[in-house]
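Peer 1: For reference, the structure I am asking about is given below.
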Amino acid sequence: MTRTSSPAPRAASPVGAPRLLGEHVGVDLAKHLATFGAMPAQHRVKRGHAGPLVAEIEHSGLAGRGGGWFPTGRKMHAVVTAARTSRKDPVVVVNAMEGEPAASKDSVLVHRNPHLVLDGAVLAAQAVGSSVAYVVSHRGGRSIGTLERAVEQRNARGGDPVELRVLAAPARYVSSEESALAHFVGEGIALPVTVPPRVFESGVRRRPTLLSNAETFAHLALIARRGSGWFREVGDPSAPGTMLVSVSGAVASPGVIEVPTGTTMRQILGLAGGTTGAVSAAVTGGYGGAWVSAGAAIDLPFTVAGLRDAGGTPGAGVLVVLPTDACGLVETANVVRWMAGQGAGQCGPCRFGLAAVAQDFAMLSSGKLKGTGLAGLERRLGIIPGRGACRHPDGAVRFAASALQVFGDEVQRHLSGHCAAGRRTFVLPVPSEKVTLPVERPGEEWR
Amino acid sequence: MSGHIVTIDRIACDGFGTCAQLLPERVILDEWGYPLIDPTPVQGSERQHAKRAVNACPRLALRLEKAPHDAPAARPAARR
């Protein structure tokens, strides 16, 4: 997959010191320990019992940085409870897939401080009573090699109290969805499965599975060292701490920035070197996220609650700014076409529905759609969400629907066959890859 | 109020449409032939009807499940 250019991350000096990206330690374990201190020792917990770290994480208010923003402590508790009732030892899975084309924060984090992620995986595994933690990233991505070298360093120094395994998964968008990832770790097939049961109760090989984003584990590793009070010192009280944001589009210095949660989009853009000209809108949260109008969102906190009023979401910390010479509908059509092809093809409403929406958007963006066609598009957008095994169709539809809202004037212009944009290249990155459907029997591409 | 709801395994469903024929008061098909299901609890005698449709699904994708506590009580316009 392609990536946005992501030069060295910058320290978020005007908004406080970075926590995860402040030091570039790399795979050197000695340097990591000298920088962040030793990993706190934990006693092994009995199955179905939570280690003290679980309460500490709960107090910290840490919320999942993969886009769900679900309280990590509550998730850990749920895994422990499921381990008790099912009498099965839990499994920990670190999602370092980064399927979002406009995101690069996980690979930047893994590149700079892989041991923070691995520490978090080990500490979380101990706290929920798991003896193994899997770290999964895209096959062919640079993170795999970095993680493997980092684990080698740890093993050379006596290893960890739990087993760390690095796995390379297919570089497919829906393969980073949690049920697909648990399916891949357990059975080697990176396709979503029908839920419930959710992975926290029955994930990898039907074991309770603590599956979270790489950044979440890195924060967890620091909370274990410095405490929940330290963690809450910065950020929005509703979801404290810092967060990584992948900023791209019409900014002077695209890349990954670490900011306290609650930082406004205006501040984030300022840290990315400022905008390169007039901007009209922005993608928040990635391609399963939503467009927001720049005017409505620029001074809102980049949080779940903050962006809600503008129809946006921070998701996994994605922000792409659209310059005024680009057409939001043309950009959306390109992304929706890609998203339609990224499904697993397992569920009819997603497979056929997203294809139809993509077709509608292609017509709309090229000025060939009429009013009745627009009504058809809106009807389709209304009936697809909630009708897939995973949330892929919901995200794609949310993204598409938000474009109709935010670019309402453009929609009217296109209905009469006109497009005001002068730009001929896409702002939003879309990987080019061959997509094969249907998936009656999962082929090599999903294994 | 407790009760049962009609649900569907989206991966198993292949759009045969049997459910819409046997349970038209609860299931309609979208333009691609896949079911849109009324999410409200199944009441009284309707339950037998629903059970028959569940048993007849060629893909065994249709289910009658205990309603979660937060199941919508009123019948909303949108079907899932």
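Following the order of the structure tokens, chains are lettered A, B, ..., residues in each are numbered from 1, and ligands are numbered from 1.
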How close does each residue of chain A get to chain B, giving the shortest atom pair and distance in Å to one decimal for every residue with an atom at most 8 Å away, counting only C-alpha atoms, sorted by chain and residue number, as a Markdown table?
Peer 2:
| residue | atom | partner | partner_atom | distance |
| --- | --- | --- | --- | --- |
| A:Val193 | CA | B:Ile11 | CA | 7.5 |
| A:Thr194 | CA | B:Asp9 | CA | 6.6 |
| A:Gln346 | CA | B:Ile11 | CA | 5.2 |
| A:Cys347 | CA | B:Ile11 | CA | 4.9 |
| A:Gly348 | CA | B:Tyr34 | CA | 6.5 |
| A:Pro349 | CA | B:Tyr34 | CA | 6.5 |
| A:Phe352 | CA | B:Trp32 | CA | 6.7 |
| A:Gly353 | CA | B:Trp32 | CA | 7.6 |
| A:Ile383 | CA | B:Arg80 | CA | 7.2 |
| A:Gly386 | CA | B:Arg80 | CA | 6.7 |
| A:Arg387 | CA | B:Arg80 | CA | 6.4 |
| A:Gly388 | CA | B:Arg10 | CA | 5.8 |
| A:Ala389 | CA | B:Arg10 | CA | 5.6 |
Peer 1: Counting only C-alpha atoms, what is within 9 Å of Tyr173 (chain A), bar same-chain residues fewer than 4 positions away, as number ranges by chain?
Peer 2: A: 97-101, 177, 339, 342-343, 392
Peer 1: According to DSSP computed on the backbone, where in region 138-175 of chain A is there helix (DSSP H, G or I)? Give the residues as a list in words.
Peer 2: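 Selection result, helix (DSSP H, G or I) within region 138-175 of chain A: Arg142, Ser143, Ile144, Gly145, Thr146, Leu147, Glu148, Arg149, Ala150, Val151, Glu152, Gln153, Arg154, Asn155, Ala156, Tyr173, Val174 and Ser175 of chain A.
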Peer 1: Mind dumping the selected residues with C-alpha atoms as a PDB file, in the first residue's frame?
Peer 2:
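So result-v5.pdb came out as:
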ATOM      1  CA  ARG A 142       8.343  -1.844   7.300  1.00  0.00           C
ATOM      2  CA  SER A 143       6.893  -2.478  10.768  1.00  0.00           C
ATOM      3  CA  ILE A 144       7.240  -6.262  10.549  1.00  0.00           C
ATOM      4  CA  GLY A 145      11.026  -6.203  10.298  1.00  0.00           C
ATOM      5  CA  THR A 146      11.349  -3.596  13.023  1.00  0.00           C
ATOM      6  CA  LEU A 147       9.132  -5.569  15.384  1.00  0.00           C
ATOM      7  CA  GLU A 148      10.998  -8.804  14.684  1.00  0.00           C
ATOM      8  CA  ARG A 149      14.370  -7.176  15.376  1.00  0.00           C
ATOM      9  CA  ALA A 150      13.006  -5.617  18.557  1.00  0.00           C
ATOM     10  CA  VAL A 151      11.720  -8.980  19.791  1.00  0.00           C
ATOM     11  CA  GLU A 152      15.107 -10.553  18.958  1.00  0.00           C
ATOM     12  CA  GLN A 153      16.789  -7.956  21.164  1.00  0.00           C
ATOM     13  CA  ARG A 154      14.437  -8.744  24.011  1.00  0.00           C
ATOM     14  CA  ASN A 155      14.969 -12.491  23.647  1.00  0.00           C
ATOM     15  CA  ALA A 156      18.737 -11.997  23.594  1.00  0.00           C
ATOM     16  CA  TYR A 173      -8.400  -2.853   4.636  1.00  0.00           C
ATOM     17  CA  VAL A 174     -10.969  -5.138   6.316  1.00  0.00           C
ATOM     18  CA  SER A 175      -8.226  -7.431   7.589  1.00  0.00           C
TER      19      SER A 175
END
Peer 1: In Å, rounded to a single decimal, give me how far CA of Gly315 (chain A) is from CA of Ala294 (chain A).
Peer 2: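 Interatomic distance here is 17.2 Å.
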Peer 1: Quick one: pull the distance between CA of Ala421 (chain A) and CA of Ala281 (chain A), Å, one decimal.
Peer 2: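 Distance reported for this atom pair: 13.5 Å.
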Peer 1: Report the residues of region 182-347 of chain A whose backbone DSSP state falls under strand (DSSP E or B), written as a PyMOL selection string.
Peer 2: chain A and resi 209-213+242-249+251+255-260+264+275+279-285+290-293+301+315+318-323
Peer 1: Can you tell me, as a compact mmCIF listing (two decimals) with N, CA and C atoms, in the first residue's frame, what residues are no more than 8 Å from Tyr287 (chain A) when counting only C-alpha atoms, ignoring any on the same chain fewer than 4 positions away?
Peer 2:
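See selection.txt below for the written result:
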# COMPACT_ATOMS: atom_id res chain seq x y z
N GLU A 100 -5.61 2.08 7.16
CA GLU A 100 -6.07 3.37 6.61
C GLU A 100 -5.00 3.97 5.70
N VAL A 283 -11.02 15.48 5.86
CA VAL A 283 -11.42 14.13 6.23
C VAL A 283 -10.96 13.90 7.66
N VAL A 335 -12.38 7.50 -3.37
CA VAL A 335 -12.22 6.75 -2.12
C VAL A 335 -13.31 5.68 -1.98
N MET A 339 -12.97 1.79 -1.38
CA MET A 339 -13.57 1.14 -0.21
C MET A 339 -14.51 0.01 -0.62
N GLY A 395 -18.82 2.31 7.80
CA GLY A 395 -17.81 3.35 7.68
C GLY A 395 -17.80 3.97 6.29
N ALA A 396 -17.85 3.12 5.27
CA ALA A 396 -17.83 3.63 3.90
C ALA A 396 -19.04 4.51 3.63
N PHE A 399 -18.76 7.87 5.38
CA PHE A 399 -17.87 8.75 4.63
C PHE A 399 -18.61 9.34 3.42
Peer 1: Quick one: everything within 12 Å of Gly64 (chain A), counting only C-alpha atoms, minus sequence neighbours fewer than 5 positions away in the same chain. Send it as a PyMOL selection string.
Peer 2: chain A and resi 57-58+69-76+94-95+210-220+239-244+304+314-317
Peer 1: Just C-alpha atoms for this one: save the residues we selected as a PDB file, in the first residue's frame.
Peer 2:
ATOM      1  CA  ILE A  57      -5.520   1.583  33.333  1.00  0.00           C
ATOM      2  CA  GLU A  58      -9.155   2.085  34.240  1.00  0.00           C
ATOM      3  CA  TRP A  69     -12.104   5.202  21.741  1.00  0.00           C
ATOM      4  CA  PHE A  70     -13.527   2.521  24.031  1.00  0.00           C
ATOM      5  CA  PRO A  71     -12.142   2.583  27.598  1.00  0.00           C
ATOM      6  CA  THR A  72      -9.195   0.164  27.618  1.00  0.00           C
ATOM      7  CA  GLY A  73      -9.581  -0.656  31.306  1.00  0.00           C
ATOM      8  CA  ARG A  74     -13.170  -1.750  30.769  1.00  0.00           C
ATOM      9  CA  LYS A  75     -12.114  -3.895  27.850  1.00  0.00           C
ATOM     10  CA  MET A  76      -9.436  -5.536  30.001  1.00  0.00           C
ATOM     11  CA  VAL A  94      -1.715  -5.823  19.113  1.00  0.00           C
ATOM     12  CA  ASN A  95      -3.209  -4.293  15.995  1.00  0.00           C
ATOM     13  CA  LEU A 210      -7.702  -8.355  24.320  1.00  0.00           C
ATOM     14  CA  LEU A 211      -7.270  -6.722  20.931  1.00  0.00           C
ATOM     15  CA  SER A 212      -6.225  -3.094  20.750  1.00  0.00           C
ATOM     16  CA  ASN A 213      -4.317  -0.677  18.599  1.00  0.00           C
ATOM     17  CA  ALA A 214      -0.509  -0.419  18.821  1.00  0.00           C
ATOM     18  CA  GLU A 215      -0.663   3.148  20.120  1.00  0.00           C
ATOM     19  CA  THR A 216      -3.001   2.072  22.918  1.00  0.00           C
ATOM     20  CA  PHE A 217      -0.431  -0.477  24.105  1.00  0.00           C
ATOM     21  CA  ALA A 218       2.332   2.134  23.992  1.00  0.00           C
ATOM     22  CA  HIS A 219       0.316   4.445  26.249  1.00  0.00           C
ATOM     23  CA  LEU A 220      -0.395   1.485  28.520  1.00  0.00           C
ATOM     24  CA  ALA A 239     -10.277  10.805  26.963  1.00  0.00           C
ATOM     25  CA  PRO A 240      -7.016  11.953  28.529  1.00  0.00           C
ATOM     26  CA  GLY A 241      -3.411  11.699  27.421  1.00  0.00           C
ATOM     27  CA  THR A 242      -1.801  12.434  24.121  1.00  0.00           C
ATOM     28  CA  MET A 243      -2.768  11.089  20.726  1.00  0.00           C
ATOM     29  CA  LEU A 244      -1.002  10.577  17.442  1.00  0.00           C
ATOM     30  CA  VAL A 304     -15.101  12.123  19.664  1.00  0.00           C
ATOM     31  CA  PRO A 314     -11.059  11.493  15.240  1.00  0.00           C
ATOM     32  CA  GLY A 315     -11.060   7.761  14.454  1.00  0.00           C
ATOM     33  CA  ALA A 316      -7.516   6.501  14.505  1.00  0.00           C
ATOM     34  CA  GLY A 317      -6.174  10.059  14.418  1.00  0.00           C
TER      35      GLY A 317
END
Peer 1: Just checking: using only C-alpha atoms, which residue out of A:Val92, A:Val427, A:Leu364, A:Val411 ends up closest to Thr324 (chain A)?
Peer 2: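 That would be A:Val427, the residue with the smallest distance to Thr324 (chain A).
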Peer 1: Tell me which protein, DNA and RNA residues are within 10 Å of region 182-185 of chain A, counting only C-alpha atoms, leaving out same-chain ones fewer than 6 positions away, and put them as a list in words.
Peer 2: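 Non-adjacent residues within range: Val91, Val92, Val93, Asn95, Tyr134, Val135, Val136, Leu167, Ala168, Ala169, Pro170, Ser175, Ser176, Leu191, Pro192, Val193, Val199, Phe200, Ser202, Gly203, Val204, Arg205, Arg206, Arg207, Thr209, Leu210, Leu211, Trp446 and Arg447 of chain A.
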Peer 1: Compile the contact shell of His4 (chain B) as a list in words: residues with an atom at most 6 Å away, counting only C-alpha atoms, same-chain residues fewer than 3 positions apart removed.
Peer 2: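 Residues meeting the cut-off are Pro41, Val42, Glu65, Lys66 and Ala67 of chain B.
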Peer 1: For those residues, write N, CA and C atoms to a file as a short mmCIF file (atom, residue, chain, number, x, y, z; two decimals), in the first residue's frame.
Peer 2:
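As written to disk, out-v5.cif reads:
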data_model
loop_
_atom_site.label_atom_id
_atom_site.label_comp_id
_atom_site.auth_asym_id
_atom_site.auth_seq_id
_atom_site.Cartn_x
_atom_site.Cartn_y
_atom_site.Cartn_z
N PRO B 41 -39.30 -6.45 18.69
CA PRO B 41 -39.58 -7.80 19.17
C PRO B 41 -40.80 -8.43 18.49
N VAL B 42 -40.71 -9.73 18.27
CA VAL B 42 -41.81 -10.49 17.67
C VAL B 42 -42.85 -10.77 18.76
N GLU B 65 -33.82 -14.73 17.97
CA GLU B 65 -32.98 -14.62 19.16
C GLU B 65 -33.68 -13.83 20.25
N LYS B 66 -33.26 -14.11 21.48
CA LYS B 66 -33.76 -13.32 22.61
C LYS B 66 -33.38 -11.87 22.39
N ALA B 67 -34.33 -10.99 22.57
CA ALA B 67 -34.08 -9.57 22.34
C ALA B 67 -33.15 -9.04 23.42
#
Peer 1: Would you list the contacts of Leu64 (chain B) as a short mmCIF file (atom, residue, chain, number, x, y, z; two decimals) with N, CA and C atoms, in the first residue's frame, taking every protein, DNA or RNA residue within 10 Å and counting only C-alpha atoms, but skipping same-chain residues closer than 4 positions in sequence?
Peer 2:
data_model
loop_
_atom_site.label_atom_id
_atom_site.label_comp_id
_atom_site.auth_asym_id
_atom_site.auth_seq_id
_atom_site.Cartn_x
_atom_site.Cartn_y
_atom_site.Cartn_z
N GLY B 3 -38.62 -10.38 24.77
CA GLY B 3 -39.21 -11.00 23.60
C GLY B 3 -38.13 -11.51 22.70
N HIS B 4 -38.52 -11.87 21.52
CA HIS B 4 -37.55 -12.38 20.56
C HIS B 4 -37.49 -11.46 19.35
N ILE B 5 -36.33 -11.41 18.75
CA ILE B 5 -36.19 -10.61 17.53
C ILE B 5 -35.65 -11.50 16.41
N VAL B 6 -35.98 -11.12 15.20
CA VAL B 6 -35.47 -11.82 14.04
C VAL B 6 -34.12 -11.20 13.67
N THR B 7 -33.11 -12.03 13.59
CA THR B 7 -31.79 -11.52 13.20
C THR B 7 -31.28 -12.33 12.01
N ILE B 8 -30.17 -11.86 11.45
CA ILE B 8 -29.64 -12.55 10.29
C ILE B 8 -28.12 -12.63 10.36
N PRO B 41 -39.30 -6.45 18.69
CA PRO B 41 -39.58 -7.80 19.17
C PRO B 41 -40.80 -8.43 18.49
N VAL B 42 -40.71 -9.73 18.27
CA VAL B 42 -41.81 -10.49 17.67
C VAL B 42 -42.85 -10.77 18.76
N ARG B 47 -44.78 -15.32 16.46
CA ARG B 47 -43.58 -16.07 16.76
C ARG B 47 -43.54 -17.40 15.98
N ALA B 50 -42.61 -16.69 12.50
CA ALA B 50 -41.18 -16.37 12.39
C ALA B 50 -40.34 -17.65 12.46
N LYS B 51 -40.75 -18.54 13.35
CA LYS B 51 -40.01 -19.81 13.51
C LYS B 51 -40.01 -20.60 12.21
N ALA B 53 -40.23 -19.44 9.21
CA ALA B 53 -39.31 -18.80 8.25
C ALA B 53 -37.86 -19.13 8.60
N VAL B 54 -37.55 -19.12 9.89
CA VAL B 54 -36.20 -19.43 10.34
C VAL B 54 -35.81 -20.85 9.91
N ASN B 55 -36.74 -21.78 10.09
CA ASN B 55 -36.45 -23.18 9.74
C ASN B 55 -36.34 -23.38 8.23
#
